[in-house]
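J.: Below you'll find entry-v4.txt; it's compact mmCIF, C-alpha atoms.
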# COMPACT_ATOMS: atom_id res chain seq x y z
CA MET R 1 15.50 247.43 120.83
CA LYS R 2 14.71 248.69 117.42
CA SER R 3 18.33 249.65 116.84
CA ILE R 4 19.48 246.15 117.64
CA LEU R 5 16.89 244.63 115.36
CA ASN R 6 17.97 246.99 112.62
CA GLY R 7 21.48 245.55 112.84
CA ARG R 8 23.10 248.24 114.95
CA ASN R 9 24.74 247.79 118.28
CA PRO R 10 23.92 250.74 120.43
CA LEU R 11 27.19 250.33 122.32
CA PHE R 12 29.59 250.18 119.37
CA GLY R 13 27.57 251.59 116.56
CA VAL R 14 28.63 248.88 114.13
CA GLY R 15 26.16 247.11 111.89
CA LEU R 16 26.19 243.33 112.34
CA TYR R 17 25.15 242.79 108.77
CA ASN R 18 28.48 244.28 107.55
CA GLN R 19 30.61 241.47 109.20
CA ARG R 20 31.65 238.57 106.83
CA GLY R 21 32.64 235.09 108.11
CA ILE R 22 34.33 232.06 106.42
CA THR R 23 31.76 230.02 104.67
CA GLY R 24 31.69 226.22 104.57
CA LEU R 25 32.76 226.19 100.91
CA GLU R 26 35.84 228.30 101.57
CA THR R 27 36.81 226.04 104.48
CA ALA R 28 36.52 223.00 102.26
CA ILE R 29 38.75 224.61 99.59
CA VAL R 30 41.45 225.39 102.17
CA LEU R 31 41.36 221.84 103.55
CA ILE R 32 41.59 220.36 100.06
CA ALA R 33 44.63 222.54 99.33
CA PHE R 34 46.36 221.28 102.49
CA VAL R 35 45.60 217.67 101.55
CA VAL R 36 47.00 218.12 98.02
CA VAL R 37 50.23 219.72 99.28
CA ALA R 38 50.68 217.00 101.89
CA ALA R 39 50.13 214.31 99.25
CA VAL R 40 52.79 215.87 96.99
CA PHE R 41 55.34 215.93 99.82
CA ALA R 42 54.48 212.36 100.79
CA PHE R 43 54.94 211.18 97.18
CA ALA R 44 58.33 212.91 96.99
CA VAL R 45 59.50 211.28 100.23
CA ILE R 46 58.28 207.82 99.20
CA THR R 47 59.87 208.13 95.73
CA THR R 48 63.20 209.21 97.23
CA GLY R 49 63.08 206.31 99.66
CA LEU R 50 62.34 203.80 96.91
CA PHE R 51 65.15 205.21 94.75
CA SER R 52 67.62 204.98 97.64
CA SER R 53 66.50 201.42 98.40
CA GLU R 54 66.90 200.46 94.75
CA LYS R 55 70.42 201.90 94.64
CA ALA R 56 71.29 200.09 97.86
CA ALA R 57 69.98 196.85 96.38
CA GLU R 58 72.05 197.40 93.22
CA SER R 59 75.17 198.02 95.32
CA ALA R 60 74.51 194.89 97.38
CA SER R 61 73.98 192.83 94.23
CA ALA R 62 77.20 194.17 92.73
CA GLY R 63 79.07 193.23 95.91
CA LEU R 64 77.62 189.73 95.80
CA GLY R 65 78.56 189.41 92.14
CA GLU R 66 82.14 190.39 92.87
CA ALA R 67 82.33 187.99 95.78
CA SER R 68 80.85 185.16 93.72
CA THR R 69 83.74 185.25 91.23
CA THR R 70 86.38 184.40 93.85
CA LEU R 71 88.84 181.69 92.80
CA THR R 72 89.61 179.14 95.48
CA PRO R 73 92.36 176.47 95.69
CA LYS R 74 91.54 172.86 94.92
CA GLY R 75 93.94 170.35 96.42
CA ALA R 76 97.64 170.81 97.03
CA VAL R 77 100.32 172.98 95.45
CA VAL R 78 103.06 170.72 94.06
CA ALA R 79 106.61 171.80 93.20
CA ARG R 80 109.10 169.73 91.22
CA ALA R 81 112.87 170.05 91.11
CA ASN R 82 114.99 169.47 88.03
CA PRO R 83 116.89 166.15 87.72
CA ALA R 84 120.03 167.71 89.22
CA LEU R 85 118.00 168.98 92.21
CA SER R 86 119.58 172.40 91.66
CA SER R 87 116.49 174.39 90.70
CA LEU R 88 112.73 174.28 90.61
CA SER R 89 111.36 172.81 87.41
CA THR R 90 107.60 173.35 87.76
CA VAL R 91 104.96 174.53 90.20
CA GLN R 92 101.44 173.15 89.77
CA PHE R 93 98.19 174.07 91.49
CA LYS R 94 94.48 173.65 90.86
CA MET R 95 91.72 176.24 91.18
CA THR R 96 87.94 176.07 91.24
CA ASN R 97 85.22 178.69 91.00
CA SER R 98 83.12 178.55 94.14
CA GLY R 99 80.81 181.35 92.99
CA SER R 100 78.04 181.54 90.42
CA ALA R 101 79.51 183.91 87.80
CA PRO R 102 82.15 182.57 85.36
CA VAL R 103 85.75 183.80 85.66
CA GLY R 104 87.47 184.53 82.35
CA LEU R 105 90.81 182.75 81.92
CA ASP R 106 91.38 183.48 78.25
CA PRO R 107 95.15 183.19 77.59
CA LEU R 108 95.14 186.60 75.88
CA SER R 109 93.65 188.45 78.86
CA THR R 110 94.96 186.44 81.85
CA LEU R 111 98.17 187.63 83.49
CA LEU R 112 100.51 185.47 85.59
CA THR R 113 103.56 186.76 87.42
CA TYR R 114 106.32 185.00 89.35
CA THR R 115 108.25 186.72 92.15
CA ASP R 116 111.12 185.63 94.41
CA THR R 117 114.08 187.37 96.02
CA GLY R 118 115.98 187.55 92.73
CA ASN R 119 113.31 187.47 90.03
CA LEU R 120 110.16 189.34 89.02
CA VAL R 121 108.85 188.06 85.70
CA THR R 122 105.65 188.00 83.69
CA LEU R 123 105.01 184.44 82.55
CA THR R 124 104.44 183.59 78.89
CA ARG R 125 101.42 181.46 77.99
CA SER R 126 102.70 178.20 76.48
CA ALA R 127 100.70 176.16 74.00
CA SER R 128 102.31 173.02 75.44
CA PRO R 129 102.34 171.57 78.97
CA THR R 130 106.11 171.08 78.56
CA GLY R 131 106.94 174.61 77.39
CA ILE R 132 108.09 173.53 73.93
CA GLY R 133 110.36 176.20 72.46
CA GLU R 134 109.83 178.69 75.30
CA THR R 135 112.88 180.77 76.23
CA SER R 136 111.39 182.43 79.33
CA PRO R 137 109.29 181.19 82.27
CA TRP R 138 105.87 180.08 81.08
CA TRP R 139 102.46 178.91 82.25
CA TYR R 140 99.93 176.44 80.90
CA SER R 141 96.31 175.75 81.84
CA GLU R 142 94.50 172.43 81.58
CA TRP R 143 90.84 171.95 82.47
CA LYS R 144 90.40 168.98 84.78
CA LEU R 145 86.65 169.49 85.00
CA GLY R 146 84.94 171.57 82.32
CA THR R 147 86.09 173.17 79.07
CA GLY R 148 86.53 176.56 77.45
CA ASN R 149 88.34 179.78 78.31
CA SER R 150 86.24 180.64 81.36
CA LEU R 151 86.06 178.86 84.69
CA ASP R 152 82.39 178.24 85.45
CA SER R 153 80.99 177.41 88.86
CA GLY R 154 82.28 174.04 90.07
CA GLU R 155 84.82 173.61 87.25
CA VAL R 156 88.49 172.85 88.01
CA VAL R 157 91.57 174.04 86.12
CA GLU R 158 95.20 173.06 86.72
CA ILE R 159 97.88 175.70 86.24
CA THR R 160 101.48 174.70 85.50
CA VAL R 161 104.28 177.24 85.91
CA GLY R 162 107.48 176.12 84.19
CA PHE R 163 111.09 177.27 84.47
CA PHE R 164 112.42 174.96 81.75
CA SER R 165 111.72 174.39 78.07
CA THR R 166 111.96 171.59 75.54
CA THR R 167 113.17 171.45 71.94
CA ASP R 168 112.19 169.19 69.10
CA SER R 169 114.77 166.40 68.74
CA GLY R 170 114.00 166.11 65.04
CA THR R 171 113.02 162.46 65.23
CA THR R 172 109.87 160.49 66.02
CA THR R 173 108.77 157.24 67.59
CA SER R 174 108.95 154.27 65.23
CA GLU R 175 107.35 151.41 67.13
CA GLY R 176 105.09 150.28 64.33
CA ALA R 177 102.36 150.17 66.97
CA VAL R 178 101.24 151.94 70.13
CA PHE R 179 104.01 152.44 72.72
CA SER R 180 102.37 150.95 75.81
CA SER R 181 102.52 152.45 79.30
CA THR R 182 104.69 149.59 80.61
CA ASP R 183 107.16 149.25 77.72
CA THR R 184 110.68 150.47 78.60
CA THR R 185 112.25 150.08 75.15
CA LEU R 186 111.35 152.92 72.80
CA THR R 187 112.17 152.49 69.12
CA VAL R 188 112.80 155.77 67.31
CA ALA R 189 113.48 156.75 63.70
CA ASP R 190 117.00 158.03 64.51
CA GLY R 191 118.71 157.09 67.76
CA SER R 192 121.92 158.97 66.96
CA VAL R 193 120.49 162.30 68.13
CA PHE R 194 120.27 161.07 71.72
CA ALA R 195 122.78 160.24 74.45
CA ALA R 196 122.57 158.29 77.68
CA ASN R 197 121.02 160.26 80.56
CA ASP R 198 119.16 162.55 78.17
CA ILE R 199 115.74 163.55 79.47
CA ILE R 200 113.03 163.40 76.84
CA TYR R 201 109.34 164.21 76.63
CA LEU R 202 106.77 162.19 74.73
CA GLU R 203 103.55 164.18 74.90
CA ASN R 204 103.15 164.96 78.64
CA GLU R 205 105.35 162.13 79.91
CA GLN R 206 108.96 162.65 80.95
CA MET R 207 111.45 159.82 80.44
CA THR R 208 115.16 159.34 81.05
CA ILE R 209 117.34 157.46 78.57
CA THR R 210 119.47 154.88 80.39
CA GLY R 211 120.83 153.04 77.35
CA ILE R 212 120.96 153.21 73.54
CA ALA R 213 121.28 150.36 71.01
CA LEU R 214 121.09 151.87 67.53
CA ASN R 215 117.48 153.12 67.34
CA ASP R 216 116.26 151.40 70.49
CA LEU R 217 116.23 153.58 73.61
CA THR R 218 115.99 152.06 77.07
CA VAL R 219 114.02 154.50 79.19
CA THR R 220 112.61 154.95 82.66
CA ARG R 221 108.93 155.86 82.52
CA GLY R 222 106.88 158.57 84.21
CA ASP R 223 109.81 160.54 85.62
CA ASN R 224 109.49 163.61 87.84
CA GLY R 225 105.87 163.08 88.75
CA THR R 226 104.59 162.63 85.20
CA THR R 227 102.34 159.69 84.31
CA ALA R 228 103.45 156.72 82.22
CA SER R 229 100.84 156.37 79.49
CA ALA R 230 100.34 154.83 76.06
CA HIS R 231 101.50 156.86 73.05
CA ALA R 232 100.58 156.57 69.39
CA ASP R 233 103.28 155.82 66.82
CA GLY R 234 104.99 158.55 64.83
CA LEU R 235 104.98 161.19 67.59
CA SER R 236 107.66 163.87 67.87
CA ILE R 237 110.14 163.45 70.73
CA TYR R 238 111.32 166.51 72.65
CA ASP R 239 114.57 167.03 74.56
CA LEU R 240 114.63 168.77 77.92
CA ASP R 241 116.88 171.82 77.63
CA ALA R 242 119.91 171.64 79.90
CA ASN R 243 119.75 175.36 80.69
CA GLN R 244 116.64 176.66 82.41
CA SER R 245 115.16 180.05 81.57
CA ILE R 246 115.78 181.17 85.16
CA SER R 247 117.32 179.39 88.12
CA VAL R 248 115.11 179.07 91.20
CA PRO R 249 116.84 177.51 94.24
CA THR R 250 114.84 174.64 95.66
CA ASN R 251 114.59 176.36 99.06
CA GLU R 252 113.55 179.73 97.61
CA PRO R 253 110.41 181.51 98.92
CA PHE R 254 108.27 182.64 95.99
CA LYS R 255 104.88 183.97 94.93
CA VAL R 256 102.82 183.17 91.84
CA GLU R 257 99.93 185.55 91.15
CA LEU R 258 97.18 184.92 88.61
CA ILE R 259 95.12 187.94 87.55
CA PRO R 260 91.99 186.97 85.57
CA ALA R 261 90.10 189.22 83.15
CA GLN R 262 87.57 189.91 85.91
CA GLY R 263 87.38 189.01 89.57
CA ALA R 264 89.95 189.00 92.33
CA PRO R 265 93.54 187.74 91.77
CA PHE R 266 94.60 184.28 92.94
CA THR R 267 97.94 183.96 94.74
CA VAL R 268 100.15 180.98 95.58
CA THR R 269 102.86 181.84 98.12
CA ARG R 270 105.68 179.69 99.47
CA THR R 271 107.33 180.94 102.63
CA SER R 272 108.87 177.72 103.97
CA PRO R 273 112.66 177.44 103.44
CA VAL R 274 112.54 173.64 103.41
CA GLU R 275 114.46 172.38 100.38
CA ILE R 276 112.42 170.64 97.70
CA THR R 277 113.73 167.21 96.78
CA GLN R 278 112.39 166.09 93.41
CA ILE R 279 108.65 166.38 94.18
CA MET R 280 107.16 168.17 97.17
CA ASP R 281 103.64 168.99 98.29
CA LEU R 282 103.67 172.63 99.37
CA GLY R 283 100.24 172.32 101.01
Before anything else, please render the file you have as structure tokens.
T.:
Amino acid sequence: MKSILNGRNPLFGVGLYNQRGITGLETAIVLIAFVVVAAVFAFAVITTGLFSSEKAAESASAGLGEASTTLTPKGAVVARANPALSSLSTVQFKMTNSGSAPVGLDPLSTLLTYTDTGNLVTLTRSASPTGIGETSPWWYSEWKLGTGNSLDSGEVVEITVGFFSTTDSGTTTSEGAVFSSTDTTLTVADGSVFAANDIIYLENEQMTITGIALNDLTVTRGDNGTTASAHADGLSIYDLDANQSISVPTNEPFKVELIPAQGAPFTVTRTSPVEITQIMDLG
């Protein structure tokens, strides 16, 4: 009994007072270490998850931005034949921006191409809706709703693709007043430069000369789908060139592709072989 009380086990001969256990303080330190390590790992996982979510959100936003710049057709595509009905004269179509981001249509950075079975050409940007002085196929843009060189949401632009050109006749109107939209006798400064059946342009209106009496031209108004309108006095008169820059049969399948500075291209395709007679809605 005395040996036990003195800290010795009579069976094993080992002193109990020499055995050390884990104290409460040491246990607390170990637990705190585990908690700290777990917190670090948890922070790393959460941070990685947030970073991945942010990148996913950025990718989704970029996709939405790209989709929002899509150009969509507005109304019909209209083709016009030349007076001899031997070739296409123009193709016109309207576009709108159904998204939220503007689509740049600056003439210097917008590319238009025309393709058919015999032609593949890059169109030249004309400063005139009648292709004045152009010697190759051209295009022209006119804002029907909105202004500027970018197509904002809801705005509408009309694109004209032309396969003809006009030249300055060298003379001007000489009415002494406004040439009204219903007047069929056009007085010019020099009528000798014209001949019967000549096709002329006064601003955006096409007319055909049916008779000449000195400087008075008898004309038909608003030919080939153009609009008869009033014109100020002293304007230059342009002749329609007899030879087109390229010949496009009126039953020719074709494709016009517009590639803006940013956003997806816009394509107009004609696959129907139905012959175009003067003016035709291609749908």
J.: Could you list, as number ranges by chain, every residue within 9 Å of segment 227-235 of chain R, counting all atoms listed in the file and ignoring same-chain residues fewer than 5 positions away?
T.: R: 171-183, 188-189, 202-207, 221-222
J.: May I ask which of the residues R:Asp168, R:Asp241, R:Glu142, R:Asp223 is the closest one to Gln92 of chain R, counting all atoms listed in the file?
T.: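 Nearest to Gln92 of chain R: R:Glu142.
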J.: Could you check how far atom CA of Ser87 of chain R sits from atom CA of Val256 of chain R, in Å to one decimal?
T.: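 About the pair atom CA of Ser87 of chain R and atom CA of Val256 of chain R: they are 16.3 Å apart.
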J.: Record the distance separating atom CA of Pro249 of chain R and atom CA of Thr208 of chain R, expressed in Å with one decimal.
T.: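 Interatomic distance, atom CA of Pro249 of chain R to atom CA of Thr208 of chain R: 22.5 Å.
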J.: Identify which of the residues R:Met95, R:Thr269, R:Leu88, R:Lys255 lies closest to Thr113 of chain R, counting all atoms listed in the file when measuring atom-to-atom distances.
T.: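 Closest to Thr113 of chain R of all the choices is R:Lys255.
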J.: When distances are computed from only C-alpha atoms, which of R:Ser136, R:Ser109, R:Ser169, R:Thr184 shows the smallest separation from Thr122 of chain R?
T.: R:Ser136
J.: Within 10 Å of Thr160 of chain R, counting all atoms listed in the file, which residues qualify if same-chain residues fewer than 4 places away don't, as a list in words?
T.: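 Contacts, in chain order: Val78, Ala79, Thr90, Val91, Gln92, Phe93, Lys94, Ser126, Pro129, Thr130, Gly131, Trp138, Trp139, Tyr140, Ser141 and Glu142 of chain R.
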